[in-house]
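See below for the structure under consideration.
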Amino acid sequence: MNTTLLSADKDPMGAAIADYYKRHKAERLRVFSSQFDEDEIPVKELFRMEKQMPLLERTALQLATGKILDVGAGSGCHSLALQEAGKDVHAIDISPLSVEVMQQRGVRHATLLNLFDGHFQETYDTILMLMNGSGIIGQLENLPAFFKRMKQLLQPSGCIFMDSSDLRYLFEEEDGSFVIDLAGDYYGEIDFQMQYKDILGESFDWLYIDFQTLSLYAAENGFQAELVKEGKHYDYLVYYFFASISSIFFVNAANSSSLYKRVSITMRPSLSISTLRVMPALRSAYLAKISAPGSNPKG
Ligand code: SAH
């Protein structure tokens with residue numbers, strides 16, 4: 001995994017964020033890709049307030065609890081909303097200019113840091129990766145390394161909220177079928193390069209991933225992925241937690257304990273927000289129980 005930071009002369013998005021913060025306007029933040037036509041990111045949207053955020057992002061903010069890590073925090077929009085709600089959040093980004101702006105905007109704990117830098121060893125209850133947060137993983141083949149890193153950064157009862165999109169709609173034919181080259185690279189692996197004024201960034205890989213592929217990789221790497229909510233455009237919010245914990249829960253099925261009854265409701269395929277809120281509490285209660293002296297997790 002790439003563990004480097006950007007330098008200020010190759011940080012187009014950071015330069016756009018800094019300009020917008022200082023002058024309340026910015027020029028075009030241009031986006032190039034070998035797979036798509038030129039596009040641009042409206043810089044103003046990087047400064048969105050909570051009420052302007054898509055429902056998937058607002059949902060993730062509401063569900064984030066405990067000590068929170070905001071990964072690739074950009075201008076700090078999510079961190080500021082969390083701080084305002086009285087939550088404890090640490091914002092990280094590889095963009096020096098963005099981190100400076102976050103600090104100036106009042107994000108209390110903002111650090112210039114690459115998520116994959118193993119020297120960094122804090123642990124968190126919630127890890128947030130928003131605005132196609134799966135992008136930071138880069139390519140499918142990096143997923144095992146990503147989950148390994150998540151294991152290091154998460155508390156045993158911790159969880160990750162990430163949004164992503166299934167890009168399959170880009171390959172949809174008029175008759176509704178999909179033409180995807182299965183022998184080629186995964187269709188959500190995109191390369192991007194950004195430019196702001198004369199600042200040209202390096203090209204980088206950005207992963208869009210469908211929920212099914214993501215859950216398979218999660219399961220192979222010790223995590224369970226649950227779909228929290230779907231957006232209007234093939235986008236969705238996913239919730240991951242350590243699979244070992246949920247499987248321990250299922251062992252309790254044999255006892256048909258009241259805990260299992262509650263969990264079996266929680267585990268239905270599409271989780272509602274209210275049941276999700278219960279999950280971390282249930283898991284910490286269970287962990288406390290199994291770590292108590294003389295207790296036996298299998299009952
Ligand atoms: N979350 C913000 C910004 C999203 S853009 C928002 O929703 O507005 C993605 C951000 O991730 C960029 O600021 C980029 O600099 C940062 N980033 C990319 N790779 C990273 C990594 N490995 N570790 C930390 N931040 C990263």
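In the structure tokens, chains take the letters A, B, ... in the order shown, each chain's residues start at 1, and ligands count up from 1 in the order shown.
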
Could I get the residue neighbourhood of ligand 1 at 8 Å, counting only C-alpha atoms and all ligand atoms, as a ChimeraX atom specification? /A:2-6,11,13-14,45-48,70-78,92-95,98,112-116,129-133,135-137

Could you write out that same residue set with N, CA and C atoms as a CSV table (one decimal), in the first residue's frame?
```
chain,number,residue,atom,x,y,z
A,2,ASN,N,0.4,2.3,-0.7
A,2,ASN,CA,1.1,3.5,-0.7
A,2,ASN,C,0.9,4.2,0.7
A,3,THR,N,2.0,4.6,1.3
A,3,THR,CA,1.9,5.2,2.6
A,3,THR,C,2.4,6.6,2.7
A,4,THR,N,2.6,7.2,1.5
A,4,THR,CA,3.2,8.6,1.4
A,4,THR,C,2.1,9.7,1.6
A,5,LEU,N,2.7,10.9,1.7
A,5,LEU,CA,1.8,12.1,1.8
A,5,LEU,C,2.0,12.9,0.6
A,6,LEU,N,1.1,13.8,0.3
A,6,LEU,CA,1.3,14.7,-0.9
A,6,LEU,C,2.2,15.8,-0.5
A,11,ASP,N,-0.6,19.0,-4.8
A,11,ASP,CA,-1.8,18.8,-4.0
A,11,ASP,C,-3.0,19.7,-4.6
A,13,MET,N,-6.2,19.3,-5.0
A,13,MET,CA,-7.5,19.4,-4.3
A,13,MET,C,-7.3,20.3,-3.0
A,14,GLY,N,-6.1,20.1,-2.4
A,14,GLY,CA,-5.8,20.9,-1.2
A,14,GLY,C,-5.7,22.4,-1.6
A,45,GLU,N,-18.8,22.1,-3.0
A,45,GLU,CA,-19.4,20.9,-2.4
A,45,GLU,C,-18.5,20.2,-1.4
A,46,LEU,N,-17.2,20.5,-1.5
A,46,LEU,CA,-16.3,19.9,-0.5
A,46,LEU,C,-16.5,20.6,0.9
A,47,PHE,N,-17.2,21.8,0.9
A,47,PHE,CA,-17.5,22.5,2.1
A,47,PHE,C,-19.0,22.4,2.5
A,48,ARG,N,-19.6,21.3,2.1
A,48,ARG,CA,-21.0,21.1,2.4
A,48,ARG,C,-21.3,21.1,3.9
A,70,ASP,N,-12.0,10.1,11.1
A,70,ASP,CA,-12.5,10.5,9.8
A,70,ASP,C,-11.4,10.4,8.8
A,71,VAL,N,-11.4,9.4,7.9
A,71,VAL,CA,-10.3,9.1,7.0
A,71,VAL,C,-10.5,9.9,5.7
A,72,GLY,N,-9.4,10.6,5.3
A,72,GLY,CA,-9.5,11.4,4.0
A,72,GLY,C,-10.5,12.5,4.2
A,73,ALA,N,-10.3,13.3,5.3
A,73,ALA,CA,-11.3,14.2,5.8
A,73,ALA,C,-11.5,15.5,4.9
A,74,GLY,N,-10.5,15.8,4.0
A,74,GLY,CA,-10.7,16.9,3.0
A,74,GLY,C,-10.8,18.3,3.8
A,75,SER,N,-11.9,19.0,3.5
A,75,SER,CA,-12.0,20.3,4.2
A,75,SER,C,-12.5,20.2,5.6
A,76,GLY,N,-12.8,18.9,6.0
A,76,GLY,CA,-13.3,18.7,7.4
A,76,GLY,C,-14.8,18.8,7.6
A,77,CYS,N,-15.5,18.7,6.5
A,77,CYS,CA,-17.0,18.9,6.6
A,77,CYS,C,-17.6,17.9,7.6
A,78,HIS,N,-17.2,16.6,7.5
A,78,HIS,CA,-17.8,15.6,8.4
A,78,HIS,C,-17.3,15.8,9.8
A,92,ILE,N,-8.0,12.8,9.5
A,92,ILE,CA,-6.6,12.6,8.9
A,92,ILE,C,-6.8,12.8,7.4
A,93,ASP,N,-5.7,13.2,6.8
A,93,ASP,CA,-5.6,13.4,5.3
A,93,ASP,C,-4.2,13.4,4.9
A,94,ILE,N,-3.9,13.0,3.6
A,94,ILE,CA,-2.6,13.1,3.1
A,94,ILE,C,-2.3,14.4,2.4
A,95,SER,N,-3.3,15.3,2.4
A,95,SER,CA,-3.1,16.6,1.8
A,95,SER,C,-2.7,17.7,2.8
A,98,SER,N,-5.1,20.7,2.8
A,98,SER,CA,-6.4,20.4,3.4
A,98,SER,C,-6.3,20.4,4.9
A,112,LEU,N,-1.9,15.4,9.5
A,112,LEU,CA,-1.4,15.0,8.2
A,112,LEU,C,-0.9,13.6,8.3
A,113,LEU,N,-1.7,12.6,7.8
A,113,LEU,CA,-1.4,11.2,8.0
A,113,LEU,C,-2.0,10.4,6.9
A,114,ASN,N,-1.2,9.4,6.5
A,114,ASN,CA,-1.7,8.4,5.5
A,114,ASN,C,-2.4,7.2,6.3
A,115,LEU,N,-3.6,6.9,6.0
A,115,LEU,CA,-4.3,5.8,6.7
A,115,LEU,C,-3.4,4.5,6.8
A,116,PHE,N,-2.6,4.3,5.8
A,116,PHE,CA,-1.8,3.0,5.7
A,116,PHE,C,-0.5,3.1,6.4
A,129,MET,N,-15.3,6.5,6.3
A,129,MET,CA,-14.7,6.8,5.0
A,129,MET,C,-15.8,7.2,4.1
A,130,LEU,N,-15.9,8.6,3.8
A,130,LEU,CA,-17.1,9.1,3.1
A,130,LEU,C,-16.7,9.8,1.8
A,131,MET,N,-17.6,9.9,1.0
A,131,MET,CA,-17.5,10.5,-0.4
A,131,MET,C,-16.8,9.5,-1.3
A,132,ASN,N,-17.5,8.4,-1.5
A,132,ASN,CA,-16.9,7.2,-2.1
A,132,ASN,C,-15.6,6.8,-1.4
A,133,GLY,N,-15.8,6.6,-0.1
A,133,GLY,CA,-14.7,6.3,0.8
A,133,GLY,C,-13.9,5.1,0.4
A,135,GLY,N,-12.7,4.6,-2.3
A,135,GLY,CA,-11.7,5.0,-3.3
A,135,GLY,C,-10.3,4.9,-2.7
A,136,ILE,N,-10.1,5.2,-1.5
A,136,ILE,CA,-8.8,5.2,-0.9
A,136,ILE,C,-8.1,3.8,-0.9
A,137,ILE,N,-8.9,2.8,-1.1
A,137,ILE,CA,-8.4,1.4,-1.2
A,137,ILE,C,-7.7,1.2,-2.5
```

Identify, on the basis of only C-alpha atoms, every residue whose closest approach to Gln104 (chain A) does not exceed 12 Å; exclude the query and any residue fewer than 4 positions from it along the same chain; express the result as a list of chain:residue names. A:Ile17, A:Ala18, A:Tyr21, A:Lys22, A:Ser75, A:Gly76, A:Leu80, A:Leu97, A:Ser98, A:Val99, A:Glu100, A:Arg108, A:His109, A:Ala110

12 Å contact set for Asp9 (chain A), only C-alpha atoms, chain neighbours under 5 positions out, as number ranges by chain: A: 14-15, 95-97, 195-202

Write a file of the just-selected residues containing all heavy atoms, as a short mmCIF file (atom, residue, chain, number, x, y, z; two decimals), in the first residue's frame.
```
data_model
loop_
_atom_site.label_atom_id
_atom_site.label_comp_id
_atom_site.auth_asym_id
_atom_site.auth_seq_id
_atom_site.Cartn_x
_atom_site.Cartn_y
_atom_site.Cartn_z
N GLY A 14 -6.13 20.08 -2.39
CA GLY A 14 -5.83 20.90 -1.22
C GLY A 14 -5.73 22.38 -1.59
O GLY A 14 -6.20 23.25 -0.86
N ALA A 15 -5.12 22.65 -2.77
CA ALA A 15 -4.98 24.05 -3.20
C ALA A 15 -6.37 24.64 -3.47
O ALA A 15 -6.63 25.81 -3.12
CB ALA A 15 -4.13 24.11 -4.46
N SER A 95 -3.28 15.31 2.42
CA SER A 95 -3.13 16.61 1.76
C SER A 95 -2.74 17.68 2.78
O SER A 95 -3.53 18.04 3.65
CB SER A 95 -4.45 16.98 1.07
OG SER A 95 -4.61 18.38 1.01
N PRO A 96 -1.48 18.19 2.68
CA PRO A 96 -1.04 19.18 3.68
C PRO A 96 -1.92 20.43 3.67
O PRO A 96 -2.22 20.99 4.74
CB PRO A 96 0.40 19.50 3.26
CG PRO A 96 0.55 19.02 1.85
CD PRO A 96 -0.45 17.91 1.66
N LEU A 97 -2.35 20.86 2.48
CA LEU A 97 -3.13 22.10 2.40
C LEU A 97 -4.53 21.89 3.02
O LEU A 97 -5.05 22.78 3.70
CB LEU A 97 -3.24 22.57 0.94
CG LEU A 97 -1.89 22.89 0.29
CD1 LEU A 97 -2.02 23.14 -1.20
CD2 LEU A 97 -1.24 24.10 0.97
N GLN A 195 -6.22 18.48 -11.45
CA GLN A 195 -5.46 19.71 -11.70
C GLN A 195 -6.24 20.91 -11.18
O GLN A 195 -7.45 21.03 -11.41
CB GLN A 195 -5.18 19.88 -13.20
CG GLN A 195 -4.36 21.13 -13.46
CD GLN A 195 -3.89 21.26 -14.90
OE1 GLN A 195 -4.23 20.46 -15.76
NE2 GLN A 195 -3.09 22.28 -15.16
N TYR A 196 -5.53 21.79 -10.49
CA TYR A 196 -6.13 23.05 -10.05
C TYR A 196 -5.16 24.16 -10.45
O TYR A 196 -4.00 24.15 -10.03
CB TYR A 196 -6.36 23.05 -8.54
CG TYR A 196 -7.04 24.32 -8.07
CD1 TYR A 196 -8.38 24.55 -8.35
CD2 TYR A 196 -6.33 25.29 -7.38
CE1 TYR A 196 -9.00 25.72 -7.95
CE2 TYR A 196 -6.95 26.47 -6.97
CZ TYR A 196 -8.28 26.67 -7.26
OH TYR A 196 -8.90 27.82 -6.87
N LYS A 197 -5.63 25.10 -11.25
CA LYS A 197 -4.74 26.11 -11.83
C LYS A 197 -3.56 25.39 -12.49
O LYS A 197 -3.78 24.47 -13.26
CB LYS A 197 -4.29 27.12 -10.77
CG LYS A 197 -5.45 27.95 -10.22
CD LYS A 197 -4.94 28.92 -9.19
CE LYS A 197 -6.02 29.83 -8.67
NZ LYS A 197 -5.59 30.56 -7.48
N ASP A 198 -2.31 25.73 -12.13
CA ASP A 198 -1.21 25.01 -12.76
C ASP A 198 -0.66 23.89 -11.87
O ASP A 198 0.42 23.35 -12.11
CB ASP A 198 -0.09 25.98 -13.18
CG ASP A 198 0.41 26.79 -12.01
OD1 ASP A 198 -0.18 26.65 -10.90
OD2 ASP A 198 1.38 27.56 -12.16
N ILE A 199 -1.40 23.55 -10.85
CA ILE A 199 -0.95 22.46 -9.96
C ILE A 199 -1.53 21.14 -10.44
O ILE A 199 -2.74 20.91 -10.37
CB ILE A 199 -1.38 22.72 -8.50
CG1 ILE A 199 -0.86 24.08 -8.05
CG2 ILE A 199 -0.90 21.60 -7.58
CD1 ILE A 199 -1.41 24.52 -6.72
N LEU A 200 -0.65 20.28 -10.94
CA LEU A 200 -1.09 18.98 -11.46
C LEU A 200 -0.67 17.90 -10.47
O LEU A 200 0.50 17.79 -10.12
CB LEU A 200 -0.44 18.73 -12.83
CG LEU A 200 -0.81 17.44 -13.54
CD1 LEU A 200 -2.29 17.43 -13.93
CD2 LEU A 200 0.06 17.25 -14.78
N GLY A 201 -1.63 17.13 -9.99
CA GLY A 201 -1.30 16.05 -9.05
C GLY A 201 -0.82 14.81 -9.79
O GLY A 201 -0.91 14.73 -11.02
N GLU A 202 -0.30 13.85 -9.03
CA GLU A 202 0.07 12.56 -9.62
C GLU A 202 -1.21 11.79 -9.92
O GLU A 202 -2.23 11.99 -9.25
CB GLU A 202 0.90 11.73 -8.62
CG GLU A 202 2.15 12.38 -8.10
CD GLU A 202 3.33 12.25 -9.05
OE1 GLU A 202 3.15 11.66 -10.14
OE2 GLU A 202 4.42 12.74 -8.70
#
```

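Among the candidates A:Gln103, A:Met53, A:Thr111, A:Phe192, the residue lying nearest to Asp37 (chain A) is A:Phe192 (atoms considered: only C-alpha atoms).
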
Hey, can you check how far CA of Met49 (chain A) sits from CA of Tyr169 (chain A)?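 Going from CA of Met49 (chain A) over to CA of Tyr169 (chain A), I get 28.7 Å.
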
Fewer than 3 positions away in the same chain doesn't count, so skip those; otherwise give me all residues within 10 Å of Glu189 (chain A), counting only C-alpha atoms, as a PyMOL selection string. chain A and resi 35+135+137-140+167+185-186+192+205-209

Pick out each residue of region 19-236 of chain A that DSSP on the backbone tags as helix (DSSP H, G or I); I need them as a count of residues only. 74

Using Å and a single decimal, report how far CA of Phe241 (chain A) sits from CA of Arg149 (chain A).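 Between CA of Arg149 (chain A) and CA of Phe241 (chain A) the gap is 13.3 Å.
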
Please return as a ChimeraX atom specification: the residues of region 84-279 of chain A that backbone DSSP assigns to strand (DSSP E). /A:88-93,110-112,124-129,154-165,189-196,199-200,204-207,223-230,235-242

Extract, using only C-alpha atoms, all DNA, RNA and protein residues at most 7 Å from Thr126 (chain A), discarding same-chain residues fewer than 3 positions from it, and format them as a PDB file with N, CA and C atoms, in the first residue's frame.
```pdb
ATOM      1  N   ALA A  64     -22.176   7.204  13.903  1.00  0.00           N
ATOM      2  CA  ALA A  64     -20.800   7.188  14.416  1.00  0.00           C
ATOM      3  C   ALA A  64     -20.814   7.448  15.919  1.00  0.00           C
ATOM      4  N   THR A  65     -20.123   6.562  16.666  1.00  0.00           N
ATOM      5  CA  THR A  65     -20.109   6.729  18.126  1.00  0.00           C
ATOM      6  C   THR A  65     -18.688   6.565  18.662  1.00  0.00           C
ATOM      7  N   GLY A  66     -18.500   6.959  19.905  1.00  0.00           N
ATOM      8  CA  GLY A  66     -17.213   6.761  20.585  1.00  0.00           C
ATOM      9  C   GLY A  66     -16.117   7.587  19.965  1.00  0.00           C
ATOM     10  N   LYS A  67     -14.926   7.013  19.947  1.00  0.00           N
ATOM     11  CA  LYS A  67     -13.776   7.695  19.365  1.00  0.00           C
ATOM     12  C   LYS A  67     -13.807   7.439  17.852  1.00  0.00           C
ATOM     13  N   ILE A  68     -13.889   8.523  17.072  1.00  0.00           N
ATOM     14  CA  ILE A  68     -14.143   8.392  15.624  1.00  0.00           C
ATOM     15  C   ILE A  68     -12.922   8.825  14.816  1.00  0.00           C
ATOM     16  N   LEU A  69     -12.588   8.075  13.769  1.00  0.00           N
ATOM     17  CA  LEU A  69     -11.533   8.472  12.835  1.00  0.00           C
ATOM     18  C   LEU A  69     -12.189   8.835  11.499  1.00  0.00           C
ATOM     19  N   GLY A 158     -15.371  -2.255  17.499  1.00  0.00           N
ATOM     20  CA  GLY A 158     -15.462  -1.105  16.597  1.00  0.00           C
ATOM     21  C   GLY A 158     -16.092  -1.436  15.256  1.00  0.00           C
ATOM     22  N   CYS A 159     -16.390  -0.404  14.499  1.00  0.00           N
ATOM     23  CA  CYS A 159     -16.985  -0.635  13.182  1.00  0.00           C
ATOM     24  C   CYS A 159     -16.566   0.457  12.199  1.00  0.00           C
ATOM     25  N   ILE A 160     -16.802   0.170  10.934  1.00  0.00           N
ATOM     26  CA  ILE A 160     -16.435   1.090   9.844  1.00  0.00           C
ATOM     27  C   ILE A 160     -17.698   1.472   9.091  1.00  0.00           C
TER      28      ILE A 160
END
```
